[in-house]
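I have placed the structure first, in the form of structure tokens, so that the comments after it can refer back to it.
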Amino acid sequence: MTNLLALVQNETLKVWKKKRFAVIVLVLLVLIPIFVYAQMKVAQNNAAKFADWRSELQQRITDNMNSLSSNRIPEEWKKWRRSLVQQLQYYLDHDVNPDSPNAVTFTSSFVDRSVSLFIPLMVLAVASDLVSSERTAGTIKMLLTRPVRRWRVLASKLIALTLYVSLIIPTTAGLCYLISGLAFGYEGWGAPVFVGFGMNKTTIDTTSVHAISQGAYLLMEMGLAWFSAIVVAFIALLMSVLLQSTAASLVTMMAAVISGTILSNMASSWHSAKYLFNVNLNLTSYLQGTPPPIEGMSLGFSLIVLAVWGIGAVAVAFAVFTKRDVLN
Amino acid sequence: MIHPTKHSDSRTEPEINRQFPSPNRPASKLWPILGMTMAACFGLMLGGFGWALKDVWHPAQGLAIPEAATRAKEAGGNWEAKEEIKVVALGDSLTRGMGDETGEGYVLNAIAKLKEAFGKKARLVNNLAINGLTAARLNKQLANNGYASFLGQADLIFLTIGGNDLFRIARNGGSFEQGADVSPEQLRAKLPEAEELLREAFGKLRDLNPTARIVYIGLFNPFYDVPEARAFSDSIAEWNAYAHRLTAEDGNATIVPTYDLFESHIARYLSSDHFHPNEKGYARIADRIVQALQ
């Protein structure tokens, strides 16, 4: 056990020294202020137009209802909008502001929007070259000639990767909170959020709707984002084992992740797409109860699909890594 | 081929800094901090994940939300005495501004002109208009809690309604210009039902806001240039007359006639759908509104 811990320490520090995590922090430090600024502009614009958030919210509801009456909008978008309208109406009826401008709501909406694309990309920065870089640098031979079993080497990489993913998400949320707080203020942990909206044919089902605090909501969101990030990381590790070059594994994974976001926007009529991992990454949408991109998807379904992909990827990675000849 | 070999002892120790042979000391400081932080983050994320699953599948009681208080109605008194005139617009696609490429419609146009004419601030609280709204649906909307609070704040209420009740005859929901065969008789047959709904809407509006000035924008015949459809104007005149009676009964409401604006050069003021006014048409309606209020 101590042996494995030492290996994990070794792998963790290798990634750290390669400044992978520093790059992620740097990217966040550049991007978050841009988003904060954009959000601030939106808030200023709305403040000039509307007397208070209630009129703003009502206008959003009315605008969405107007677009519902257009025949050109595809049926699944209408479904999504209809549910949005009714959710917003629920907020308005209970006199709760769904997006009060503060650092906590900003952070949770940032996490929500990053789940399917941005967080996976950050994870790839660590995961994609975990094994393949050893190969390109030629250090793989040194590593494997050591008197350590191969599965332990890969296991230590896997654990180090899991730890980095666990670090990346709180770091993202933390930086987001700290930076956006400068513009929007640091309060808002206790403000209520409604979760548990269900969807019937055309109306939403509010029987299990309940309020939780914004802070609890953020933590839950991060937990769900973490799960999908772990699965992406495991699959990226497999790619890193299978493909010889870092560039190839990175590009493959990026293509997979990006095509997932495109697919979930357009694949509602292709039902078997729901078994792809990249369509299921957006776990946080189940928390509020937004209709899923493809009929028949639910939180349980997505978790199982992701888990199968993750476990499968790890199994194949171990099988290949322990058996494969190292030639050059 | 390099074979994985069995091994056990402390010989892995030098491997830790295999790639970074020199700084032995900083690494030894970094690891405890980094390792502990990561472990803590791991626990936190696992906790959040578990909590999320529990909340979705076995929701707890949740926070208690105070009952939405009915907000105080700020409006009241004579709107002309107000420093700032608050406008709420309500109704169908005309209020929405459909057909106006600038997106202003008559609402924003009239507000801009009101500012000029009265020399004070005027703002649109909300444009609650929905394309294709009928009087029946409007009455349903007025029962809605959210609408009540906005209408309660208004000093001026702009309203257009009825066009869809009269012209959108049930066949496929198609309107006249989409080929539905509306005959003047059918239109006339629709009137009594629609008039009753209009009366109901006026009553509901007054319940929600007892003091605001209601400005009802009358209907016009968008098919005046089509000889067979000119007879619609009779029904429309009847409708407008009925609306006028309602405004007169109310005492604090005005009907703004528009039918005459769309007779002599109708193509000039209608948009390409031959149903909604265009920018110029809306501007003329806005002029009328301001004149009626002055």
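Just remember, in the structure tokens the first chain shown is A, the second B, etc., residues are 1-based per chain, and ligands are 1-based in the order shown.
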
Polymer residues at most 10 Å from stretch 255-266 of chain A, only C-alpha atoms, same-chain spacing of 3 or more positions, as JSON, numbers by chain: {"A": [76, 77, 116, 117, 118, 120, 121, 232, 249, 250, 251, 252, 269, 270, 273, 274, 276, 277, 278, 279, 280, 281, 282, 292, 293, 294]}

Can you write out the residues you just picked, keeping C-alpha atoms, as an mmCIF file, in the first residue's frame?
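Just written: part10.cif:
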data_model
loop_
_atom_site.group_PDB
_atom_site.id
_atom_site.type_symbol
_atom_site.label_atom_id
_atom_site.label_comp_id
_atom_site.auth_asym_id
_atom_site.auth_seq_id
_atom_site.Cartn_x
_atom_site.Cartn_y
_atom_site.Cartn_z
ATOM 1 C CA GLU A 76 -38.283 19.727 -29.121
ATOM 2 C CA TRP A 77 -37.223 23.338 -28.690
ATOM 3 C CA SER A 116 -20.421 19.551 -21.092
ATOM 4 C CA LEU A 117 -17.500 21.353 -22.667
ATOM 5 C CA PHE A 118 -15.255 23.564 -20.603
ATOM 6 C CA PRO A 120 -13.936 18.280 -19.834
ATOM 7 C CA LEU A 121 -11.420 20.345 -21.793
ATOM 8 C CA VAL A 232 -14.149 11.928 -19.373
ATOM 9 C CA SER A 249 -5.243 11.395 -27.966
ATOM 10 C CA LEU A 250 -6.016 15.020 -27.167
ATOM 11 C CA VAL A 251 -7.605 15.668 -30.537
ATOM 12 C CA THR A 252 -9.640 12.452 -30.382
ATOM 13 C CA SER A 269 -34.751 12.142 -33.240
ATOM 14 C CA TRP A 270 -31.819 9.727 -33.237
ATOM 15 C CA ALA A 273 -27.450 8.465 -29.499
ATOM 16 C CA LYS A 274 -28.390 8.483 -25.841
ATOM 17 C CA LEU A 276 -23.010 7.728 -26.189
ATOM 18 C CA PHE A 277 -21.121 9.065 -23.201
ATOM 19 C CA ASN A 278 -20.706 12.551 -24.618
ATOM 20 C CA VAL A 279 -24.462 13.157 -24.838
ATOM 21 C CA ASN A 280 -24.873 12.280 -21.169
ATOM 22 C CA LEU A 281 -22.294 14.633 -19.690
ATOM 23 C CA ASN A 282 -24.752 17.374 -18.791
ATOM 24 C CA PRO A 292 -33.205 15.994 -21.460
ATOM 25 C CA PRO A 293 -31.822 16.285 -24.996
ATOM 26 C CA ILE A 294 -33.198 12.887 -25.999
#

Exercise answer, chain A residues close to chain B, 8 Å and only C-alpha atoms, as a PDB file with C-alpha atoms, in the first residue's frame:
ATOM      1  CA  ASN A   3       4.277   1.420  -2.362  1.00  0.00           C
ATOM      2  CA  ALA A   6       4.503   6.593  -3.157  1.00  0.00           C
ATOM      3  CA  LEU A   7       3.703   5.970  -6.792  1.00  0.00           C
ATOM      4  CA  GLN A   9       2.784  10.896  -5.000  1.00  0.00           C
ATOM      5  CA  ASN A  10       5.258  10.512  -7.822  1.00  0.00           C
ATOM      6  CA  LEU A  13       4.099  15.657  -8.560  1.00  0.00           C
ATOM      7  CA  LYS A  14       5.053  14.857 -12.144  1.00  0.00           C
ATOM      8  CA  PHE A  50     -36.634  47.175 -16.338  1.00  0.00           C
ATOM      9  CA  ALA A  51     -37.883  48.578 -13.082  1.00  0.00           C
ATOM     10  CA  SER A  55     -40.715  42.837 -14.823  1.00  0.00           C
ATOM     11  CA  GLU A  56     -37.547  41.454 -16.321  1.00  0.00           C
ATOM     12  CA  GLN A  58     -42.122  38.518 -16.805  1.00  0.00           C
ATOM     13  CA  GLN A  59     -40.654  39.878 -20.020  1.00  0.00           C
ATOM     14  CA  THR A  62     -43.598  36.687 -22.434  1.00  0.00           C
ATOM     15  CA  ASP A  63     -40.786  36.583 -24.985  1.00  0.00           C
ATOM     16  CA  MET A  65     -44.255  32.454 -25.036  1.00  0.00           C
ATOM     17  CA  ASN A  66     -44.097  34.537 -28.178  1.00  0.00           C
ATOM     18  CA  SER A  69     -46.372  30.632 -31.122  1.00  0.00           C
ATOM     19  CA  GLN A  89     -43.574  31.308 -13.905  1.00  0.00           C
ATOM     20  CA  LEU A  92     -42.481  34.505 -10.307  1.00  0.00           C
ATOM     21  CA  ASP A  93     -45.528  33.090  -8.553  1.00  0.00           C
ATOM     22  CA  HIS A  94     -43.431  32.409  -5.464  1.00  0.00           C
ATOM     23  CA  ASP A  95     -41.746  35.782  -5.685  1.00  0.00           C
ATOM     24  CA  LYS A 141      11.002   2.274 -20.617  1.00  0.00           C
ATOM     25  CA  LEU A 144       8.559  -0.071 -16.709  1.00  0.00           C
ATOM     26  CA  THR A 145      12.030  -1.399 -16.081  1.00  0.00           C
ATOM     27  CA  ARG A 146      11.583  -0.450 -12.437  1.00  0.00           C
ATOM     28  CA  PRO A 147      10.672  -3.376 -10.279  1.00  0.00           C
ATOM     29  CA  VAL A 148       7.057  -2.286  -9.961  1.00  0.00           C
ATOM     30  CA  ARG A 149       4.153  -4.197 -11.440  1.00  0.00           C
ATOM     31  CA  ARG A 150       2.651  -2.542 -14.445  1.00  0.00           C
ATOM     32  CA  LEU A 163      -7.274  13.591  -7.530  1.00  0.00           C
ATOM     33  CA  TYR A 164      -6.568  16.255 -10.136  1.00  0.00           C
ATOM     34  CA  SER A 166     -11.288  16.533  -7.807  1.00  0.00           C
ATOM     35  CA  LEU A 167      -9.041  19.563  -7.503  1.00  0.00           C
ATOM     36  CA  PRO A 170     -13.498  23.269  -6.701  1.00  0.00           C
ATOM     37  CA  PRO A 192     -33.567  29.626  -2.527  1.00  0.00           C
ATOM     38  CA  GLY A 196     -37.221  18.787  -8.912  1.00  0.00           C
ATOM     39  CA  SER A 208     -41.795  17.163  -6.139  1.00  0.00           C
ATOM     40  CA  HIS A 210     -38.811  21.961  -3.389  1.00  0.00           C
ATOM     41  CA  ALA A 211     -36.466  24.770  -2.522  1.00  0.00           C
ATOM     42  CA  ILE A 212     -32.838  24.315  -1.548  1.00  0.00           C
ATOM     43  CA  SER A 213     -30.283  26.957  -0.722  1.00  0.00           C
ATOM     44  CA  LEU A 219     -22.303  21.832  -4.146  1.00  0.00           C
ATOM     45  CA  MET A 220     -24.657  19.340  -5.765  1.00  0.00           C
ATOM     46  CA  GLU A 221     -23.887  20.773  -9.172  1.00  0.00           C
ATOM     47  CA  MET A 222     -20.179  20.461  -8.536  1.00  0.00           C
ATOM     48  CA  GLY A 223     -20.630  16.852  -7.433  1.00  0.00           C
ATOM     49  CA  LEU A 224     -22.478  15.969 -10.620  1.00  0.00           C
ATOM     50  CA  TRP A 226     -17.226  15.986 -10.986  1.00  0.00           C
ATOM     51  CA  PHE A 227     -18.753  12.648 -11.887  1.00  0.00           C
ATOM     52  CA  LEU A 287     -31.093  18.792 -10.942  1.00  0.00           C
ATOM     53  CA  THR A 322      -0.253  -4.571 -18.805  1.00  0.00           C
ATOM     54  CA  ASP A 325       4.939  -4.716 -25.797  1.00  0.00           C
ATOM     55  CA  VAL A 326       7.049  -1.623 -25.574  1.00  0.00           C
ATOM     56  CA  LEU A 327       9.186  -1.637 -28.661  1.00  0.00           C
TER      57      LEU A 327
END

What does the distance between atom CA of B:Leu138 and atom CA of A:Lys78 come to in Å, to one decimal place? 21.0 Å

Neighbouring residues of A:Gly289 were defined as those with any atom within 12 Å, considering only C-alpha atoms; residues of the same chain fewer than 6 positions away were excluded. Please report them as number ranges by chain. A: 80, 83-84, 86-87, 194-200, 204-206, 208-210, 282-283, 297-299; B: 56

Every residue of stretch 75-274 of chain B that DSSP places in strand (DSSP E), as a PDB file with C-alpha atoms, in the first residue's frame:
ATOM      1  CA  GLU B  84     -43.011  59.333 -14.163  1.00  0.00           C
ATOM      2  CA  ILE B  85     -45.649  57.658 -16.284  1.00  0.00           C
ATOM      3  CA  LYS B  86     -45.546  53.902 -16.063  1.00  0.00           C
ATOM      4  CA  VAL B  87     -46.923  52.064 -19.045  1.00  0.00           C
ATOM      5  CA  VAL B  88     -47.937  48.424 -19.306  1.00  0.00           C
ATOM      6  CA  ALA B  89     -48.807  47.130 -22.762  1.00  0.00           C
ATOM      7  CA  LEU B  90     -51.069  44.173 -23.156  1.00  0.00           C
ATOM      8  CA  GLY B  91     -52.648  42.272 -26.003  1.00  0.00           C
ATOM      9  CA  LYS B 121     -40.384  60.669 -17.833  1.00  0.00           C
ATOM     10  CA  ALA B 122     -42.310  57.727 -19.199  1.00  0.00           C
ATOM     11  CA  ARG B 123     -41.251  54.113 -19.057  1.00  0.00           C
ATOM     12  CA  LEU B 124     -42.504  50.797 -20.242  1.00  0.00           C
ATOM     13  CA  VAL B 125     -42.859  48.497 -17.245  1.00  0.00           C
ATOM     14  CA  ASN B 126     -43.657  45.502 -19.401  1.00  0.00           C
ATOM     15  CA  ASN B 127     -44.898  44.604 -22.810  1.00  0.00           C
ATOM     16  CA  LEU B 156     -51.357  53.801 -18.461  1.00  0.00           C
ATOM     17  CA  ILE B 157     -52.445  50.525 -19.989  1.00  0.00           C
ATOM     18  CA  PHE B 158     -52.217  50.047 -23.759  1.00  0.00           C
ATOM     19  CA  LEU B 159     -54.429  47.285 -25.032  1.00  0.00           C
ATOM     20  CA  THR B 160     -55.082  45.663 -28.393  1.00  0.00           C
ATOM     21  CA  ARG B 213     -56.020  55.062 -17.766  1.00  0.00           C
ATOM     22  CA  ILE B 214     -56.838  52.284 -20.225  1.00  0.00           C
ATOM     23  CA  VAL B 215     -56.091  53.042 -23.845  1.00  0.00           C
ATOM     24  CA  TYR B 216     -57.798  50.569 -26.137  1.00  0.00           C
ATOM     25  CA  ILE B 217     -56.538  50.644 -29.697  1.00  0.00           C
ATOM     26  CA  ALA B 253     -60.691  54.597 -20.606  1.00  0.00           C
ATOM     27  CA  THR B 254     -60.218  55.735 -24.170  1.00  0.00           C
ATOM     28  CA  ILE B 255     -60.627  54.059 -27.491  1.00  0.00           C
ATOM     29  CA  VAL B 256     -58.192  55.157 -30.146  1.00  0.00           C
TER      30      VAL B 256
END

Long-range neighbours of A:Glu187 as a ChimeraX atom specification, 9 Å cut-off, only C-alpha atoms, 4 positions minimum in chain: /A:102-104,181,191

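By only C-alpha atoms, and with residues fewer than 5 positions from stretch 264-275 of chain B along its chain excluded, the set lying at most 7 Å from it is Gly99, Pro222, Lys280 and Gly281 of chain B.
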
Residues just named, written with N, CA and C atoms as an mmCIF file, in the first residue's frame:
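Resulting contents of again_23.cif:
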data_model
loop_
_atom_site.group_PDB
_atom_site.id
_atom_site.type_symbol
_atom_site.label_atom_id
_atom_site.label_comp_id
_atom_site.auth_asym_id
_atom_site.auth_seq_id
_atom_site.Cartn_x
_atom_site.Cartn_y
_atom_site.Cartn_z
ATOM 1 N N GLY B 99 -44.489 43.087 -37.638
ATOM 2 C CA GLY B 99 -44.570 43.765 -38.916
ATOM 3 C C GLY B 99 -43.668 44.987 -38.966
ATOM 4 N N PRO B 222 -57.799 45.165 -42.281
ATOM 5 C CA PRO B 222 -56.557 45.076 -43.051
ATOM 6 C C PRO B 222 -56.809 44.674 -44.498
ATOM 7 N N LYS B 280 -44.378 52.717 -40.459
ATOM 8 C CA LYS B 280 -45.143 53.959 -40.634
ATOM 9 C C LYS B 280 -46.538 53.830 -40.053
ATOM 10 N N GLY B 281 -47.134 52.659 -40.262
ATOM 11 C CA GLY B 281 -48.462 52.420 -39.717
ATOM 12 C C GLY B 281 -48.477 52.531 -38.203
#
